[in-house]
file start15.txt (compact mmCIF, N, CA and C atoms)
# COMPACT_ATOMS: atom_id res chain seq x y z
N MET C 283 127.75 74.85 132.96
CA MET C 283 126.54 75.07 133.72
C MET C 283 126.67 74.48 135.13
N THR C 284 127.48 73.43 135.26
CA THR C 284 127.66 72.81 136.57
C THR C 284 128.27 73.79 137.56
N SER C 285 129.30 74.53 137.13
CA SER C 285 129.94 75.51 138.02
C SER C 285 128.95 76.59 138.44
N LEU C 286 128.12 77.02 137.50
CA LEU C 286 127.12 78.04 137.81
C LEU C 286 126.12 77.52 138.85
N LYS C 287 125.66 76.30 138.67
CA LYS C 287 124.71 75.71 139.62
C LYS C 287 125.33 75.50 141.00
N GLU C 288 126.63 75.16 141.02
CA GLU C 288 127.32 75.01 142.30
C GLU C 288 127.46 76.36 143.02
N ALA C 289 127.78 77.40 142.25
CA ALA C 289 127.95 78.73 142.83
C ALA C 289 126.62 79.33 143.26
N PHE C 290 125.56 79.01 142.51
CA PHE C 290 124.23 79.56 142.78
C PHE C 290 123.22 78.41 142.86
N PRO C 291 123.14 77.73 144.01
CA PRO C 291 122.26 76.57 144.12
C PRO C 291 120.77 76.90 144.00
N ASN C 292 120.41 78.15 144.18
CA ASN C 292 119.01 78.54 144.07
C ASN C 292 118.66 79.10 142.70
N LEU C 293 119.47 78.80 141.70
CA LEU C 293 119.22 79.23 140.33
C LEU C 293 117.91 78.60 139.86
N VAL C 294 116.95 79.45 139.47
CA VAL C 294 115.65 78.93 139.08
C VAL C 294 115.21 79.50 137.74
N LYS C 295 114.34 78.79 137.12
CA LYS C 295 113.65 79.23 135.92
C LYS C 295 112.25 78.65 135.99
N LYS C 296 111.40 79.05 135.10
CA LYS C 296 110.01 78.63 135.19
C LYS C 296 109.87 77.11 135.17
N ASP C 297 110.77 76.42 134.45
CA ASP C 297 110.71 74.97 134.35
C ASP C 297 111.01 74.27 135.68
N THR C 298 111.74 74.97 136.57
CA THR C 298 112.05 74.38 137.87
C THR C 298 111.05 74.81 138.94
N LEU C 299 110.31 75.85 138.68
CA LEU C 299 109.31 76.32 139.66
C LEU C 299 107.97 75.62 139.51
N LEU C 300 107.67 75.19 138.29
CA LEU C 300 106.37 74.58 138.02
C LEU C 300 106.53 73.14 137.56
N GLU C 301 105.54 72.35 137.88
CA GLU C 301 105.50 70.97 137.39
C GLU C 301 105.20 71.00 135.89
N PRO C 302 105.67 70.01 135.15
CA PRO C 302 105.37 69.97 133.72
C PRO C 302 103.88 70.08 133.42
N SER C 303 103.06 69.48 134.26
CA SER C 303 101.61 69.55 134.03
C SER C 303 101.07 70.97 134.21
N GLU C 304 101.74 71.77 135.07
CA GLU C 304 101.32 73.15 135.28
C GLU C 304 101.75 74.04 134.11
N LEU C 305 102.85 73.68 133.46
CA LEU C 305 103.35 74.45 132.32
C LEU C 305 102.66 74.09 131.01
N ASP C 306 102.12 72.88 130.92
CA ASP C 306 101.52 72.40 129.66
C ASP C 306 100.52 73.37 129.03
N PRO C 307 99.60 73.98 129.79
CA PRO C 307 98.64 74.89 129.14
C PRO C 307 99.27 76.11 128.46
N PHE C 308 100.51 76.44 128.85
CA PHE C 308 101.19 77.62 128.32
C PHE C 308 102.15 77.33 127.17
N ARG C 309 102.53 76.08 127.00
CA ARG C 309 103.62 75.72 126.09
C ARG C 309 103.42 76.18 124.64
N ASN C 310 102.22 76.21 124.15
CA ASN C 310 101.98 76.61 122.77
C ASN C 310 101.63 78.09 122.64
N HIS C 311 101.90 78.86 123.69
CA HIS C 311 101.57 80.28 123.71
C HIS C 311 102.81 81.07 124.14
N SER C 312 103.58 81.50 123.16
CA SER C 312 104.87 82.15 123.48
C SER C 312 104.71 83.40 124.33
N ASN C 313 103.63 84.16 124.12
CA ASN C 313 103.43 85.37 124.93
C ASN C 313 103.18 85.02 126.40
N GLN C 314 102.46 83.95 126.62
CA GLN C 314 102.19 83.54 128.00
C GLN C 314 103.46 82.97 128.66
N MET C 315 104.27 82.26 127.88
CA MET C 315 105.54 81.76 128.41
C MET C 315 106.46 82.94 128.74
N ALA C 316 106.45 83.96 127.88
CA ALA C 316 107.25 85.16 128.13
C ALA C 316 106.77 85.86 129.40
N ALA C 317 105.45 85.87 129.63
CA ALA C 317 104.90 86.49 130.84
C ALA C 317 105.38 85.75 132.09
N LEU C 318 105.45 84.43 132.00
CA LEU C 318 105.98 83.65 133.13
C LEU C 318 107.45 84.00 133.38
N ASP C 319 108.22 84.11 132.30
CA ASP C 319 109.62 84.52 132.42
C ASP C 319 109.72 85.88 133.10
N TYR C 320 108.84 86.78 132.70
CA TYR C 320 108.84 88.14 133.25
C TYR C 320 108.61 88.11 134.76
N TYR C 321 107.59 87.36 135.18
CA TYR C 321 107.28 87.29 136.61
C TYR C 321 108.42 86.67 137.41
N VAL C 322 109.02 85.62 136.89
CA VAL C 322 110.16 85.00 137.58
C VAL C 322 111.30 86.02 137.68
N SER C 323 111.54 86.76 136.61
CA SER C 323 112.63 87.74 136.58
C SER C 323 112.39 88.89 137.55
N ILE C 324 111.15 89.35 137.63
CA ILE C 324 110.81 90.45 138.53
C ILE C 324 110.95 90.03 139.99
N GLU C 325 110.52 88.82 140.31
CA GLU C 325 110.48 88.37 141.70
C GLU C 325 111.78 87.75 142.19
N SER C 326 112.74 87.54 141.31
CA SER C 326 113.98 86.89 141.73
C SER C 326 114.83 87.83 142.60
N ASP C 327 115.70 87.22 143.40
CA ASP C 327 116.60 88.00 144.23
C ASP C 327 117.61 88.76 143.38
N ILE C 328 118.12 88.10 142.34
CA ILE C 328 119.11 88.68 141.44
C ILE C 328 118.69 88.37 140.01
N PHE C 329 118.82 89.34 139.12
CA PHE C 329 118.50 89.14 137.71
C PHE C 329 119.74 89.43 136.89
N VAL C 330 120.15 88.47 136.07
CA VAL C 330 121.30 88.63 135.19
C VAL C 330 120.84 88.31 133.77
N PRO C 331 120.50 89.34 132.99
CA PRO C 331 120.06 89.06 131.62
C PRO C 331 121.22 88.58 130.76
N THR C 332 120.95 87.58 129.94
CA THR C 332 121.98 87.08 129.04
C THR C 332 121.91 87.78 127.70
N TYR C 333 120.80 88.45 127.44
CA TYR C 333 120.60 89.17 126.19
C TYR C 333 119.95 90.49 126.53
N ARG C 334 120.46 91.60 126.04
CA ARG C 334 119.97 92.93 126.40
C ARG C 334 118.86 93.39 125.45
N GLY C 335 117.88 92.52 125.25
CA GLY C 335 116.75 92.87 124.42
C GLY C 335 115.71 93.67 125.19
N ASN C 336 114.57 93.91 124.55
CA ASN C 336 113.53 94.74 125.16
C ASN C 336 112.99 94.15 126.45
N MET C 337 112.83 92.83 126.51
CA MET C 337 112.31 92.21 127.73
C MET C 337 113.27 92.46 128.89
N ALA C 338 114.56 92.25 128.68
CA ALA C 338 115.54 92.47 129.74
C ALA C 338 115.55 93.93 130.19
N LYS C 339 115.40 94.84 129.25
CA LYS C 339 115.39 96.27 129.59
C LYS C 339 114.15 96.63 130.40
N LEU C 340 113.03 96.04 130.05
CA LEU C 340 111.80 96.28 130.79
C LEU C 340 111.90 95.71 132.21
N VAL C 341 112.43 94.50 132.32
CA VAL C 341 112.62 93.88 133.64
C VAL C 341 113.56 94.75 134.49
N GLU C 342 114.64 95.22 133.88
CA GLU C 342 115.60 96.08 134.60
C GLU C 342 114.90 97.32 135.16
N GLY C 343 114.09 97.98 134.34
CA GLY C 343 113.39 99.17 134.79
C GLY C 343 112.37 98.87 135.88
N HIS C 344 111.64 97.77 135.73
CA HIS C 344 110.64 97.38 136.72
C HIS C 344 111.32 97.07 138.06
N ARG C 345 112.44 96.39 138.00
CA ARG C 345 113.18 96.06 139.23
C ARG C 345 113.71 97.34 139.89
N ARG C 346 114.13 98.33 139.10
CA ARG C 346 114.54 99.62 139.67
C ARG C 346 113.35 100.27 140.37
N TYR C 347 112.22 100.24 139.70
CA TYR C 347 111.01 100.85 140.25
C TYR C 347 110.60 100.16 141.56
N LEU C 348 110.84 98.87 141.66
CA LEU C 348 110.46 98.11 142.85
C LEU C 348 111.46 98.26 144.00
N GLY C 349 112.43 99.12 143.85
CA GLY C 349 113.36 99.36 144.95
C GLY C 349 114.77 98.93 144.66
N PHE C 350 115.16 99.00 143.41
CA PHE C 350 116.54 98.72 143.03
C PHE C 350 116.97 97.31 143.41
N LYS C 351 116.12 96.35 143.04
CA LYS C 351 116.48 94.95 143.23
C LYS C 351 117.73 94.65 142.41
N LYS C 352 118.58 93.80 142.93
CA LYS C 352 119.89 93.55 142.31
C LYS C 352 119.75 93.01 140.88
N THR C 353 120.27 93.76 139.95
CA THR C 353 120.28 93.40 138.53
C THR C 353 121.71 93.57 138.04
N ILE C 354 122.32 92.48 137.62
CA ILE C 354 123.72 92.54 137.18
C ILE C 354 123.75 92.59 135.65
N LEU C 355 124.27 93.67 135.13
CA LEU C 355 124.36 93.86 133.68
C LEU C 355 125.77 93.49 133.24
N LEU C 356 125.89 92.35 132.59
CA LEU C 356 127.20 91.82 132.22
C LEU C 356 127.90 92.66 131.16
N ASP C 357 129.18 92.85 131.35
CA ASP C 357 130.04 93.43 130.32
C ASP C 357 130.47 92.24 129.46
N THR C 358 129.69 91.95 128.44
CA THR C 358 129.90 90.72 127.67
C THR C 358 131.25 90.68 126.97
N LYS C 359 131.72 91.82 126.49
CA LYS C 359 133.04 91.83 125.84
C LYS C 359 134.13 91.41 126.83
N LEU C 360 134.06 91.94 128.03
CA LEU C 360 135.04 91.58 129.04
C LEU C 360 134.91 90.11 129.43
N VAL C 361 133.69 89.64 129.63
CA VAL C 361 133.48 88.25 130.03
C VAL C 361 134.01 87.29 128.96
N VAL C 362 133.74 87.58 127.70
CA VAL C 362 134.25 86.73 126.62
C VAL C 362 135.78 86.73 126.61
N LYS C 363 136.38 87.90 126.79
CA LYS C 363 137.85 88.01 126.83
C LYS C 363 138.40 87.18 127.99
N LEU C 364 137.76 87.27 129.16
CA LEU C 364 138.22 86.52 130.32
C LEU C 364 138.02 85.02 130.14
N ILE C 365 136.91 84.63 129.51
CA ILE C 365 136.68 83.21 129.23
C ILE C 365 137.78 82.68 128.32
N ASP C 366 138.12 83.44 127.29
CA ASP C 366 139.19 83.03 126.38
C ASP C 366 140.51 82.87 127.14
N GLN C 367 140.80 83.82 128.02
CA GLN C 367 142.04 83.75 128.80
C GLN C 367 142.04 82.53 129.72
N TYR C 368 140.89 82.25 130.32
CA TYR C 368 140.78 81.10 131.21
C TYR C 368 140.95 79.79 130.43
N LYS C 369 140.27 79.71 129.27
CA LYS C 369 140.37 78.49 128.45
C LYS C 369 141.79 78.28 127.92
N ASN C 370 142.49 79.37 127.62
CA ASN C 370 143.87 79.28 127.11
C ASN C 370 144.88 79.02 128.22
N GLY C 371 144.43 79.08 129.47
CA GLY C 371 145.34 78.85 130.59
C GLY C 371 146.12 80.08 130.99
N THR C 372 145.76 81.24 130.44
CA THR C 372 146.46 82.49 130.76
C THR C 372 146.15 82.96 132.17
N ILE C 373 144.91 82.69 132.63
CA ILE C 373 144.51 83.06 133.99
C ILE C 373 143.89 81.85 134.67
N SER C 374 143.93 81.85 135.99
CA SER C 374 143.34 80.75 136.78
C SER C 374 141.85 81.01 137.00
N TRP C 375 141.18 80.01 137.54
CA TRP C 375 139.76 80.18 137.85
C TRP C 375 139.58 81.31 138.86
N ASN C 376 140.43 81.36 139.86
CA ASN C 376 140.32 82.42 140.89
C ASN C 376 140.51 83.81 140.27
N GLN C 377 141.47 83.94 139.36
CA GLN C 377 141.67 85.22 138.68
C GLN C 377 140.45 85.57 137.82
N PHE C 378 139.93 84.57 137.12
CA PHE C 378 138.73 84.79 136.30
C PHE C 378 137.58 85.27 137.18
N SER C 379 137.32 84.52 138.25
CA SER C 379 136.20 84.83 139.15
C SER C 379 136.35 86.22 139.76
N THR C 380 137.54 86.54 140.24
CA THR C 380 137.79 87.85 140.85
C THR C 380 137.61 88.97 139.83
N SER C 381 138.10 88.76 138.62
CA SER C 381 137.97 89.79 137.57
C SER C 381 136.52 90.05 137.21
N VAL C 382 135.74 88.99 137.07
CA VAL C 382 134.32 89.15 136.73
C VAL C 382 133.59 89.88 137.85
N LYS C 383 133.83 89.47 139.08
CA LYS C 383 133.16 90.10 140.23
C LYS C 383 133.53 91.58 140.35
N SER C 384 134.82 91.89 140.24
CA SER C 384 135.23 93.29 140.41
C SER C 384 134.73 94.16 139.26
N ALA C 385 134.66 93.61 138.07
CA ALA C 385 134.19 94.39 136.92
C ALA C 385 132.70 94.71 137.02
N HIS C 386 131.95 93.91 137.76
CA HIS C 386 130.50 94.08 137.80
C HIS C 386 129.98 94.55 139.16
N GLU C 387 130.87 94.88 140.08
CA GLU C 387 130.39 95.26 141.41
C GLU C 387 129.56 96.54 141.41
N ASP C 388 129.76 97.41 140.44
CA ASP C 388 128.98 98.65 140.39
C ASP C 388 127.84 98.60 139.36
N SER C 389 127.67 97.47 138.69
CA SER C 389 126.60 97.38 137.68
C SER C 389 125.48 96.50 138.19
N VAL C 390 124.85 96.95 139.26
CA VAL C 390 123.83 96.13 139.90
C VAL C 390 122.46 96.82 139.95
N GLY C 391 122.15 97.65 138.98
CA GLY C 391 120.84 98.28 138.92
C GLY C 391 120.65 99.44 139.86
N ASN C 392 121.71 100.10 140.24
CA ASN C 392 121.63 101.24 141.14
C ASN C 392 120.96 102.43 140.43
N PRO C 393 120.50 103.41 141.22
CA PRO C 393 119.90 104.59 140.60
C PRO C 393 120.92 105.34 139.74
N THR C 394 120.50 105.73 138.57
CA THR C 394 121.34 106.53 137.69
C THR C 394 120.48 107.56 136.98
N THR C 395 121.12 108.59 136.50
CA THR C 395 120.42 109.57 135.67
C THR C 395 120.39 109.02 134.25
N ARG C 396 119.23 109.07 133.66
CA ARG C 396 119.08 108.51 132.31
C ARG C 396 119.89 109.35 131.32
N LEU C 397 120.62 108.67 130.46
CA LEU C 397 121.43 109.32 129.44
C LEU C 397 120.53 109.88 128.35
N VAL C 398 120.65 111.17 128.09
CA VAL C 398 119.91 111.83 127.02
C VAL C 398 120.92 112.40 126.05
N VAL C 399 120.79 112.05 124.78
CA VAL C 399 121.72 112.54 123.76
C VAL C 399 120.92 113.36 122.76
N PRO C 400 120.97 114.69 122.85
CA PRO C 400 120.18 115.53 121.95
C PRO C 400 120.48 115.22 120.49
N GLY C 401 119.42 114.98 119.73
CA GLY C 401 119.55 114.71 118.30
C GLY C 401 119.92 113.28 117.97
N LYS C 402 120.16 112.45 118.99
CA LYS C 402 120.52 111.05 118.76
C LYS C 402 119.70 110.16 119.70
N PRO C 403 118.40 110.08 119.48
CA PRO C 403 117.54 109.33 120.41
C PRO C 403 117.87 107.84 120.51
N LYS C 404 118.46 107.26 119.48
CA LYS C 404 118.79 105.83 119.54
C LYS C 404 119.94 105.54 120.49
N GLU C 405 120.71 106.56 120.86
CA GLU C 405 121.81 106.38 121.79
C GLU C 405 121.40 106.66 123.23
N GLU C 406 120.16 107.13 123.43
CA GLU C 406 119.68 107.43 124.77
C GLU C 406 119.26 106.15 125.49
N ASP C 407 119.22 106.23 126.83
CA ASP C 407 118.66 105.13 127.61
C ASP C 407 117.16 105.11 127.39
N TYR C 408 116.61 103.94 127.30
CA TYR C 408 115.15 103.81 127.16
C TYR C 408 114.49 104.19 128.47
N PHE C 409 113.34 104.83 128.38
CA PHE C 409 112.60 105.21 129.58
C PHE C 409 112.28 104.00 130.43
N TYR C 410 111.83 102.92 129.80
CA TYR C 410 111.40 101.76 130.59
C TYR C 410 112.57 101.00 131.21
N THR C 411 113.81 101.27 130.78
CA THR C 411 114.98 100.68 131.42
C THR C 411 115.35 101.46 132.67
N ASN C 412 115.18 102.78 132.61
CA ASN C 412 115.60 103.65 133.70
C ASN C 412 114.56 104.75 133.89
N PRO C 413 113.44 104.39 134.53
CA PRO C 413 112.34 105.37 134.68
C PRO C 413 112.60 106.38 135.78
N GLN C 414 113.66 107.19 135.61
CA GLN C 414 114.08 108.09 136.68
C GLN C 414 112.98 109.07 137.11
N GLU C 415 112.10 109.45 136.20
CA GLU C 415 111.03 110.38 136.57
C GLU C 415 110.08 109.75 137.59
N CYS C 416 109.96 108.42 137.56
CA CYS C 416 109.09 107.72 138.48
C CYS C 416 109.79 107.45 139.80
N LEU C 417 111.08 107.73 139.86
CA LEU C 417 111.88 107.41 141.04
C LEU C 417 112.33 108.65 141.78
N SER C 418 111.62 109.77 141.60
CA SER C 418 112.06 111.03 142.18
C SER C 418 112.16 110.98 143.70
N ILE C 419 111.42 110.11 144.34
CA ILE C 419 111.50 109.98 145.81
C ILE C 419 112.90 109.53 146.20
N VAL C 420 113.51 108.67 145.39
CA VAL C 420 114.85 108.17 145.67
C VAL C 420 115.86 109.30 145.64
N ASP C 421 115.67 110.25 144.74
CA ASP C 421 116.61 111.36 144.59
C ASP C 421 116.51 112.35 145.74
N GLY C 422 115.46 112.27 146.53
CA GLY C 422 115.29 113.18 147.66
C GLY C 422 114.40 114.35 147.28
N PRO C 423 114.01 115.13 148.27
CA PRO C 423 113.08 116.26 148.02
C PRO C 423 113.74 117.39 147.25
call {"tool": "encode", "arguments": {"input": "start15.txt", "output": "structure tokens"}}
result
Amino acid sequence: MTSLKEAFPNLVKKDTLLEPSELDPFRNHSNQMAALDYYVSIESDIFVPTYRGNMAKLVEGHRRYLGFKKTILLDTKLVVKLIDQYKNGTISWNQFSTSVKSAHEDSVGNPTTRLVVPGKPKEEDYFYTNPQECLSIVDGP
């Protein structure tokens, strides 16, 4: 975590934005805490979800709708492989860092056509992750 904080000194979460006394009224209300997480995620300069659950997908779609705010979708299999290589001494920190950056340079929430798989709706992109119908202005007239 130290390396991450050094690389990104403005890394924030709700616990760092609010005083403990301001968070206290929300602590026993998971939905309200999730709403705070949502607002922080929507308003941040960069969003990197660690888990691709429904909340992350909704945030991704909302950020696209708000003008394609930078959202980095990690290739977790690749990152785990690179972490293993770094820990084993197979690659240096610079090689690790360069590999992660180059692998994710095109996965930053850019406009895309939503994947539709006829007869296999579970393999399709969720509407709220990629609301392309709401973004028709981006596609041009």
call {"tool": "residues_around", "arguments": {"input": "start15.txt", "residues": "segment 287-293 of chain C", "least_positions_apart": "3", "cutoff": "10 Å", "atoms": "only C-alpha atoms", "output": "PyMOL selection string"}}
result
chain C and resi 283-284+298+326-328
call {"tool": "select_by_dssp", "arguments": {"input": "start15.txt", "residues": "segment 304-417 of chain C", "states": "strand (DSSP E)", "output": "list in words"}}
result
Ile328, Phe329, Lys352 and Thr353 of chain C
call {"tool": "select_by_dssp", "arguments": {"input": "start15.txt", "residues": "segment 341-396 of chain C", "states": "helix (DSSP H, G or I)", "output": "ChimeraX atom specification"}}
result
/C:341-347,358-369,375-386
call {"tool": "residues_around", "arguments": {"input": "start15.txt", "residues": "Pro413 of chain C", "least_positions_apart": "5", "cutoff": "8 Å", "atoms": "only C-alpha atoms", "output": "list in words"}}
result
Gly343, Arg346, Tyr347 and Arg396 of chain C
call {"tool": "residues_around", "arguments": {"input": "start15.txt", "residues": "segment 367-381 of chain C", "least_positions_apart": "5", "cutoff": "12 Å", "atoms": "only C-alpha atoms", "output": "MDAnalysis selection string"}}
result
chainID C and resid 285:286 289 357 360:362 386:387
call {"tool": "atom_distance", "arguments": {"input": "start15.txt", "atom1": "atom CA of Tyr321 of chain C", "atom2": "atom CA of Glu342 of chain C"}}
result
12.3 Å
call {"tool": "atom_distance", "arguments": {"input": "start15.txt", "atom1": "atom CA of Val341 of chain C", "atom2": "atom C of Leu356 of chain C"}}
result
15.5 Å
call {"tool": "closest_residue", "arguments": {"input": "start15.txt", "among": "C:Lys351, C:Ala385, C:Thr411, C:Lys295", "to": "Val322 of chain C", "atoms": "only C-alpha atoms"}}
result
C:Lys295
call {"tool": "atom_distance", "arguments": {"input": "start15.txt", "atom1": "atom C of Pro302 of chain C", "atom2": "atom N of Ala316 of chain C"}}
result
15.2 Å
call {"tool": "closest_residue", "arguments": {"input": "start15.txt", "among": "C:Arg345, C:His311, C:Lys339, C:Lys363", "to": "Ser323 of chain C", "atoms": "all atoms listed in the file"}}
result
C:Arg345
